[in-house]
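The structure appears right after this line, and notes come after that.
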There are 2 protein chains.
Amino acid sequence: MTSSHASDVPPAPAPAPSAAECRAAAGRLAGVAVRTPLLEAPLLNEQVGGRVLVKAEVLQRTGSFKFRGAYNRIGRLSPEARAGGVVAFSSGNHAQGVALAARLLGVPAVIVMPNDAPAVKIANTRRYGAEVVLIERDDELRERVARELTAERGATLVKPFDDPLVIAGQGTVGLEIVAQAEEAGIRPDAVLVPCGGGGLVSGTAIALTEHWPDVAIHAVEPEGFDDTRRSLASGRRERNPRETGSTCDALLSPTPGEVTFAINRRLLAGGLAVSDSEVAHAMAVAFDTLRLVIEPGGAVALAAVLSAKFDARRKTVVVVASGGNVDPALFAEVLQNRR
Amino acid sequence: MTSSHASDVPPAPAPAPSAAECRAAAGRLAGVAVRTPLLEAPLLNEQVGGRVLVKAEVLQRTGSFKFRGAYNRIGRLSPEARAGGVVAFSSGNHAQGVALAARLLGVPAVIVMPNDAPAVKIANTRRYGAEVVLIERDDELRERVARELTAERGATLVKPFDDPLVIAGQGTVGLEIVAQAEEAGIRPDAVLVPCGGGGLVSGTAIALTEHWPDVAIHAVEPEGFDDTRRSLASGRRERNPRETGSTCDALLSPTPGEVTFAINRRLLAGGLAVSDSEVAHAMAVAFDTLRLVIEPGGAVALAAVLSAKFDARRKTVVVVASGGNVDPALFAEVLQNRR
């Protein structure tokens, strides 16, 4: 059996960042990124029957954790590389994180976006100072544009997740969770993290497990896009059957990253998948009890505890709310159609 | 002229809390209240043409700053007084703040609410553990119920704003603004604070002016309910012509408090009034750029800078977002009808 699957062969050891590299990233981000609060609400705890602490990355600059990794990556470029600028592909949160990080570091940025991306995301990426290149949604075209831009301009590609410096930047979320929980005298049983390509959960896991070797860390994904959950179960990188069809637009990566999966298979307890209606309910509960705007992809970890996909009764659980860039019409619909 | 107006006679010196009393309140609230973040968003700054820092009290426990004053007040009761419990009148944020503070301090609480208060606010106040007594909206009845409850049970009335210990508790918002701005190397030109009875703005002003004697502090109110603005201009406590008719349900006090006005006339630069449509626009901008849910009354200070009622161009301005307890249907409407 195994001989027929190339992906069964374990990949060469991936260059996972160390916890020390996460701490170095925290030093670079100090005073630049928001130390987002770890929030608790009695009425949320009551609904879950346990203690839920919400790491509010929706309050991060550009509205998602992506700013952390982008700033750490671009901040480590050599002066020569900075002069050539950076390139990124994204229709959403990574685009905005790279655009603002590049502007703050004085580095030119080109963001290649699909021409069907929401107008507000294109406009915001431009407002952060990036040059936006719109192309058709097409993998081959995308590859060619990437090659041309990096070759022509000497620009550096900033990957969305599969890069040790990006992962180390996202790991600062984990460092803050540890510090904030310890300030409050709390030791969580579990930490649940939204997962697309796996950059946030892998970086967070590196930082968390150094301090809390026994904490149970779970990746949470949308149903039908649970490539990481299935990959953790099978031990090899699985693919999703589809690339569209969930409201969680931030979490639709087709397969786990090489670097991120090598970390996640070592450090995670497992994966969970939630439905779009469970996500919508979590968004409404966050509105009521936390006064936070969470986008669908950012609400999957909270949805896992509210739906009891993860049984949080009599436990203390940290959930990361990873982003809040949601279309106002969709958010209004979620509030009006709540169950 | 003056002889015909009893209110022209300056009141006896009111017992304003000192900055030291605000610091004592901060000590009592440490680890209990949320140190809410001071947030900044490039896309908000761009809209205003200045630098805007938002003190996010919507993230406070129970969703508004009211928890601070209530906890400080109830925490200072003698053991005998605690045994008799506390009473409060409120249809909204004060009710929830008193209910949770009393529960955390082990003090029984009765909250008297008008029977037309939103069902969710009544339910939440009960969930925080308070006994809720529903009465008709009627000033005379309210007075009688207050007398009966305090007399029968030996309970203590927790006033919503006109109490030095409540004001000192709200003043911790000002202490945090000073500390957070100094951590970031920022010295604001002005601080804008939502104002109903004036507890939040007066306490905040006491704390701010000790550190920044020249900062311009403005109370912001809804149009038609700008009793503090007019009182600051005339030098005596003015009344609003109406008690209903603004979406800013948290800011409809008929006249400034005695204690709060004595502080505000000494420390504030002036007052500003904003329209309901300016408030709705500010709520939508906060959704887009800050990922915060702000209720109408909590959004008036942000509305003042976005509408240019306060000219923030080339200035650094702190605005307090004082609460986020808003009906989901109203919030959805604001997102759908945005201009």
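Following the order of the structure tokens, chains are lettered A, B, ..., residues in each are numbered from 1, and ligands are numbered from 1.
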- request: Define the interface residues of chain A facing chain B as those within 6 Å, counting only C-alpha atoms, and report them as number ranges by chain.
  value: A: 291-293, 324, 328, 332, 335
Could you dump the residues just selected with all heavy atoms as a PDB file, in the first residue's frame?
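Below is the file result_24.pdb, written as the result:
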ATOM      1  N   ARG A 291     -18.879  41.464  22.768  1.00  0.00           N
ATOM      2  CA  ARG A 291     -18.863  42.740  22.023  1.00  0.00           C
ATOM      3  C   ARG A 291     -17.730  42.747  20.991  1.00  0.00           C
ATOM      4  O   ARG A 291     -17.106  43.763  20.740  1.00  0.00           O
ATOM      5  CB  ARG A 291     -18.762  43.945  22.953  1.00  0.00           C
ATOM      6  CG  ARG A 291     -20.061  44.488  23.440  1.00  0.00           C
ATOM      7  CD  ARG A 291     -20.835  43.581  24.353  1.00  0.00           C
ATOM      8  NE  ARG A 291     -20.124  43.290  25.574  1.00  0.00           N
ATOM      9  CZ  ARG A 291     -20.610  42.555  26.569  1.00  0.00           C
ATOM     10  NH1 ARG A 291     -21.814  42.037  26.510  1.00  0.00           N
ATOM     11  NH2 ARG A 291     -19.886  42.323  27.633  1.00  0.00           N
ATOM     12  N   LEU A 292     -17.460  41.565  20.425  1.00  0.00           N
ATOM     13  CA  LEU A 292     -16.427  41.443  19.402  1.00  0.00           C
ATOM     14  C   LEU A 292     -17.062  41.073  18.074  1.00  0.00           C
ATOM     15  O   LEU A 292     -18.001  40.278  18.022  1.00  0.00           O
ATOM     16  CB  LEU A 292     -15.439  40.328  19.755  1.00  0.00           C
ATOM     17  CG  LEU A 292     -14.489  40.555  20.911  1.00  0.00           C
ATOM     18  CD1 LEU A 292     -13.617  39.304  21.090  1.00  0.00           C
ATOM     19  CD2 LEU A 292     -13.609  41.786  20.699  1.00  0.00           C
ATOM     20  N   VAL A 293     -16.497  41.640  17.002  1.00  0.00           N
ATOM     21  CA  VAL A 293     -16.859  41.241  15.646  1.00  0.00           C
ATOM     22  C   VAL A 293     -15.870  40.154  15.230  1.00  0.00           C
ATOM     23  O   VAL A 293     -14.673  40.421  15.109  1.00  0.00           O
ATOM     24  CB  VAL A 293     -16.770  42.435  14.686  1.00  0.00           C
ATOM     25  CG1 VAL A 293     -17.040  41.982  13.246  1.00  0.00           C
ATOM     26  CG2 VAL A 293     -17.732  43.540  15.110  1.00  0.00           C
ATOM     27  N   GLY A 324     -11.361  39.291  12.235  1.00  0.00           N
ATOM     28  CA  GLY A 324     -12.665  39.953  12.287  1.00  0.00           C
ATOM     29  C   GLY A 324     -13.006  40.731  11.031  1.00  0.00           C
ATOM     30  O   GLY A 324     -13.806  41.662  11.087  1.00  0.00           O
ATOM     31  N   PRO A 328     -20.109  43.455   6.132  1.00  0.00           N
ATOM     32  CA  PRO A 328     -21.199  43.895   7.010  1.00  0.00           C
ATOM     33  C   PRO A 328     -22.540  43.232   6.681  1.00  0.00           C
ATOM     34  O   PRO A 328     -23.320  42.923   7.587  1.00  0.00           O
ATOM     35  CB  PRO A 328     -21.284  45.403   6.780  1.00  0.00           C
ATOM     36  CG  PRO A 328     -20.139  45.793   5.937  1.00  0.00           C
ATOM     37  CD  PRO A 328     -19.412  44.576   5.489  1.00  0.00           C
ATOM     38  N   ALA A 332     -24.733  41.197   9.385  1.00  0.00           N
ATOM     39  CA  ALA A 332     -26.126  41.569   9.681  1.00  0.00           C
ATOM     40  C   ALA A 332     -27.043  40.355   9.528  1.00  0.00           C
ATOM     41  O   ALA A 332     -27.947  40.124  10.338  1.00  0.00           O
ATOM     42  CB  ALA A 332     -26.575  42.693   8.749  1.00  0.00           C
ATOM     43  N   LEU A 335     -26.806  38.073  12.509  1.00  0.00           N
ATOM     44  CA  LEU A 335     -27.543  38.568  13.683  1.00  0.00           C
ATOM     45  C   LEU A 335     -29.047  38.369  13.502  1.00  0.00           C
ATOM     46  O   LEU A 335     -29.768  38.109  14.460  1.00  0.00           O
ATOM     47  CB  LEU A 335     -27.246  40.042  13.915  1.00  0.00           C
ATOM     48  CG  LEU A 335     -25.807  40.385  14.321  1.00  0.00           C
ATOM     49  CD1 LEU A 335     -25.676  41.886  14.564  1.00  0.00           C
ATOM     50  CD2 LEU A 335     -25.373  39.616  15.567  1.00  0.00           C
TER      51      LEU A 335
END
task: Give me every strand (DSSP E) residue in stretch 106-244 of chain A, going by DSSP on the backbone, as a VMD selection string.
output: chain A and resid 109 to 114 131 to 135 156 to 157 190 to 194 216 to 222
- prompt: So how many Å separate atom CA of B:Ala219 and atom CA of B:Glu258, to one decimal?
  reply: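 Between these atoms lies a distance of 15.7 Å.
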Contacts of A:Ala81 within 9 Å, only C-alpha atoms, excl. fewer than 6 positions in-chain, as a count of residues only: 3
Please identify all polymer residues within 10 Å of A:Arg28, counting only C-alpha atoms, omitting same-chain residues fewer than 2 positions from it, and present them as an mmCIF file with all heavy atoms, in the first residue's frame.
data_model
loop_
_atom_site.group_PDB
_atom_site.id
_atom_site.type_symbol
_atom_site.label_atom_id
_atom_site.label_comp_id
_atom_site.auth_asym_id
_atom_site.auth_seq_id
_atom_site.Cartn_x
_atom_site.Cartn_y
_atom_site.Cartn_z
ATOM 1 N N CYS A 22 10.331 32.362 18.568
ATOM 2 C CA CYS A 22 9.058 33.048 18.861
ATOM 3 C C CYS A 22 9.319 34.227 19.807
ATOM 4 O O CYS A 22 8.738 35.303 19.640
ATOM 5 C CB CYS A 22 8.051 32.089 19.486
ATOM 6 S SG CYS A 22 7.547 30.724 18.408
ATOM 7 N N ARG A 23 10.192 34.023 20.783
ATOM 8 C CA ARG A 23 10.494 35.126 21.716
ATOM 9 C C ARG A 23 11.206 36.262 20.989
ATOM 10 O O ARG A 23 10.964 37.440 21.255
ATOM 11 C CB ARG A 23 11.325 34.631 22.897
ATOM 12 C CG ARG A 23 10.495 33.855 23.915
ATOM 13 C CD ARG A 23 11.254 33.611 25.215
ATOM 14 N NE ARG A 23 12.398 32.739 25.023
ATOM 15 C CZ ARG A 23 12.349 31.399 25.047
ATOM 16 N NH1 ARG A 23 11.190 30.786 25.281
ATOM 17 N NH2 ARG A 23 13.424 30.682 24.854
ATOM 18 N N ALA A 24 12.088 35.928 20.056
ATOM 19 C CA ALA A 24 12.750 36.979 19.270
ATOM 20 C C ALA A 24 11.711 37.753 18.451
ATOM 21 O O ALA A 24 11.778 38.983 18.335
ATOM 22 C CB ALA A 24 13.810 36.363 18.353
ATOM 23 N N ALA A 25 10.731 37.038 17.905
ATOM 24 C CA ALA A 25 9.654 37.703 17.158
ATOM 25 C C ALA A 25 8.875 38.643 18.077
ATOM 26 O O ALA A 25 8.519 39.762 17.697
ATOM 27 C CB ALA A 25 8.717 36.651 16.545
ATOM 28 N N ALA A 26 8.619 38.193 19.312
ATOM 29 C CA ALA A 26 7.883 39.034 20.272
ATOM 30 C C ALA A 26 8.656 40.320 20.538
ATOM 31 O O ALA A 26 8.062 41.394 20.675
ATOM 32 C CB ALA A 26 7.648 38.267 21.573
ATOM 33 N N ALA A 30 7.138 44.070 19.776
ATOM 34 C CA ALA A 30 6.769 44.863 20.966
ATOM 35 C C ALA A 30 6.546 46.323 20.577
ATOM 36 O O ALA A 30 7.384 46.938 19.923
ATOM 37 C CB ALA A 30 7.859 44.759 22.022
ATOM 38 N N GLY A 31 5.411 46.862 20.965
ATOM 39 C CA GLY A 31 5.091 48.257 20.654
ATOM 40 C C GLY A 31 4.611 48.457 19.223
ATOM 41 O O GLY A 31 4.251 49.561 18.835
ATOM 42 N N VAL A 32 4.598 47.383 18.428
ATOM 43 C CA VAL A 32 4.134 47.478 17.036
ATOM 44 C C VAL A 32 2.815 46.707 16.894
ATOM 45 O O VAL A 32 1.815 47.244 16.425
ATOM 46 C CB VAL A 32 5.194 46.912 16.061
ATOM 47 C CG1 VAL A 32 4.694 47.022 14.626
ATOM 48 C CG2 VAL A 32 6.514 47.637 16.229
ATOM 49 N N ALA A 33 2.824 45.440 17.314
ATOM 50 C CA ALA A 33 1.578 44.667 17.317
ATOM 51 C C ALA A 33 0.811 44.972 18.601
ATOM 52 O O ALA A 33 1.380 45.402 19.603
ATOM 53 C CB ALA A 33 1.886 43.180 17.232
ATOM 54 N N ARG A 68 1.210 39.730 12.531
ATOM 55 C CA ARG A 68 2.372 39.319 13.338
ATOM 56 C C ARG A 68 3.426 38.612 12.483
ATOM 57 O O ARG A 68 4.601 38.962 12.497
ATOM 58 C CB ARG A 68 1.929 38.372 14.462
ATOM 59 C CG ARG A 68 0.963 38.981 15.465
ATOM 60 C CD ARG A 68 0.520 37.905 16.476
ATOM 61 N NE ARG A 68 -0.499 38.367 17.402
ATOM 62 C CZ ARG A 68 -0.263 38.748 18.665
ATOM 63 N NH1 ARG A 68 0.958 38.696 19.162
ATOM 64 N NH2 ARG A 68 -1.247 39.130 19.445
ATOM 65 N N TYR A 71 5.000 40.892 9.717
ATOM 66 C CA TYR A 71 5.961 41.874 10.226
ATOM 67 C C TYR A 71 7.267 41.187 10.618
ATOM 68 O O TYR A 71 8.357 41.688 10.361
ATOM 69 C CB TYR A 71 5.359 42.610 11.427
ATOM 70 C CG TYR A 71 6.171 43.817 11.857
ATOM 71 C CD1 TYR A 71 5.918 45.074 11.309
ATOM 72 C CD2 TYR A 71 7.183 43.700 12.803
ATOM 73 C CE1 TYR A 71 6.651 46.185 11.691
ATOM 74 C CE2 TYR A 71 7.928 44.808 13.190
ATOM 75 C CZ TYR A 71 7.654 46.051 12.629
ATOM 76 O OH TYR A 71 8.388 47.145 13.009
ATOM 77 N N ASN A 72 7.160 40.014 11.238
ATOM 78 C CA ASN A 72 8.370 39.300 11.645
ATOM 79 C C ASN A 72 9.175 38.862 10.424
ATOM 80 O O ASN A 72 10.401 38.968 10.408
ATOM 81 C CB ASN A 72 8.002 38.079 12.489
ATOM 82 C CG ASN A 72 9.221 37.448 13.141
ATOM 83 O OD1 ASN A 72 9.999 38.150 13.793
ATOM 84 N ND2 ASN A 72 9.404 36.156 12.959
ATOM 85 N N GLY A 75 10.547 42.037 8.538
ATOM 86 C CA GLY A 75 11.537 42.700 9.398
ATOM 87 C C GLY A 75 12.888 41.999 9.413
ATOM 88 O O GLY A 75 13.885 42.588 9.836
ATOM 89 N N ARG A 76 12.936 40.753 8.967
ATOM 90 C CA ARG A 76 14.198 40.007 8.955
ATOM 91 C C ARG A 76 14.870 40.013 7.587
ATOM 92 O O ARG A 76 15.927 39.389 7.406
ATOM 93 C CB ARG A 76 13.955 38.555 9.401
ATOM 94 C CG ARG A 76 13.734 38.412 10.888
ATOM 95 C CD ARG A 76 15.039 38.532 11.674
ATOM 96 N NE ARG A 76 15.925 37.418 11.383
ATOM 97 C CZ ARG A 76 15.848 36.225 11.979
ATOM 98 N NH1 ARG A 76 14.946 36.011 12.919
ATOM 99 N NH2 ARG A 76 16.661 35.258 11.651
ATOM 100 N N GLY A 169 6.338 34.372 14.087
ATOM 101 C CA GLY A 169 5.538 35.578 14.358
ATOM 102 C C GLY A 169 4.164 35.216 14.918
ATOM 103 O O GLY A 169 3.708 35.803 15.905
#
For B:Trp212: contacts at 9 Å, only C-alpha atoms, fewer than 5 positions along chain excluded, given as a PyMOL selection string: chain B and resi 178+187-188+207
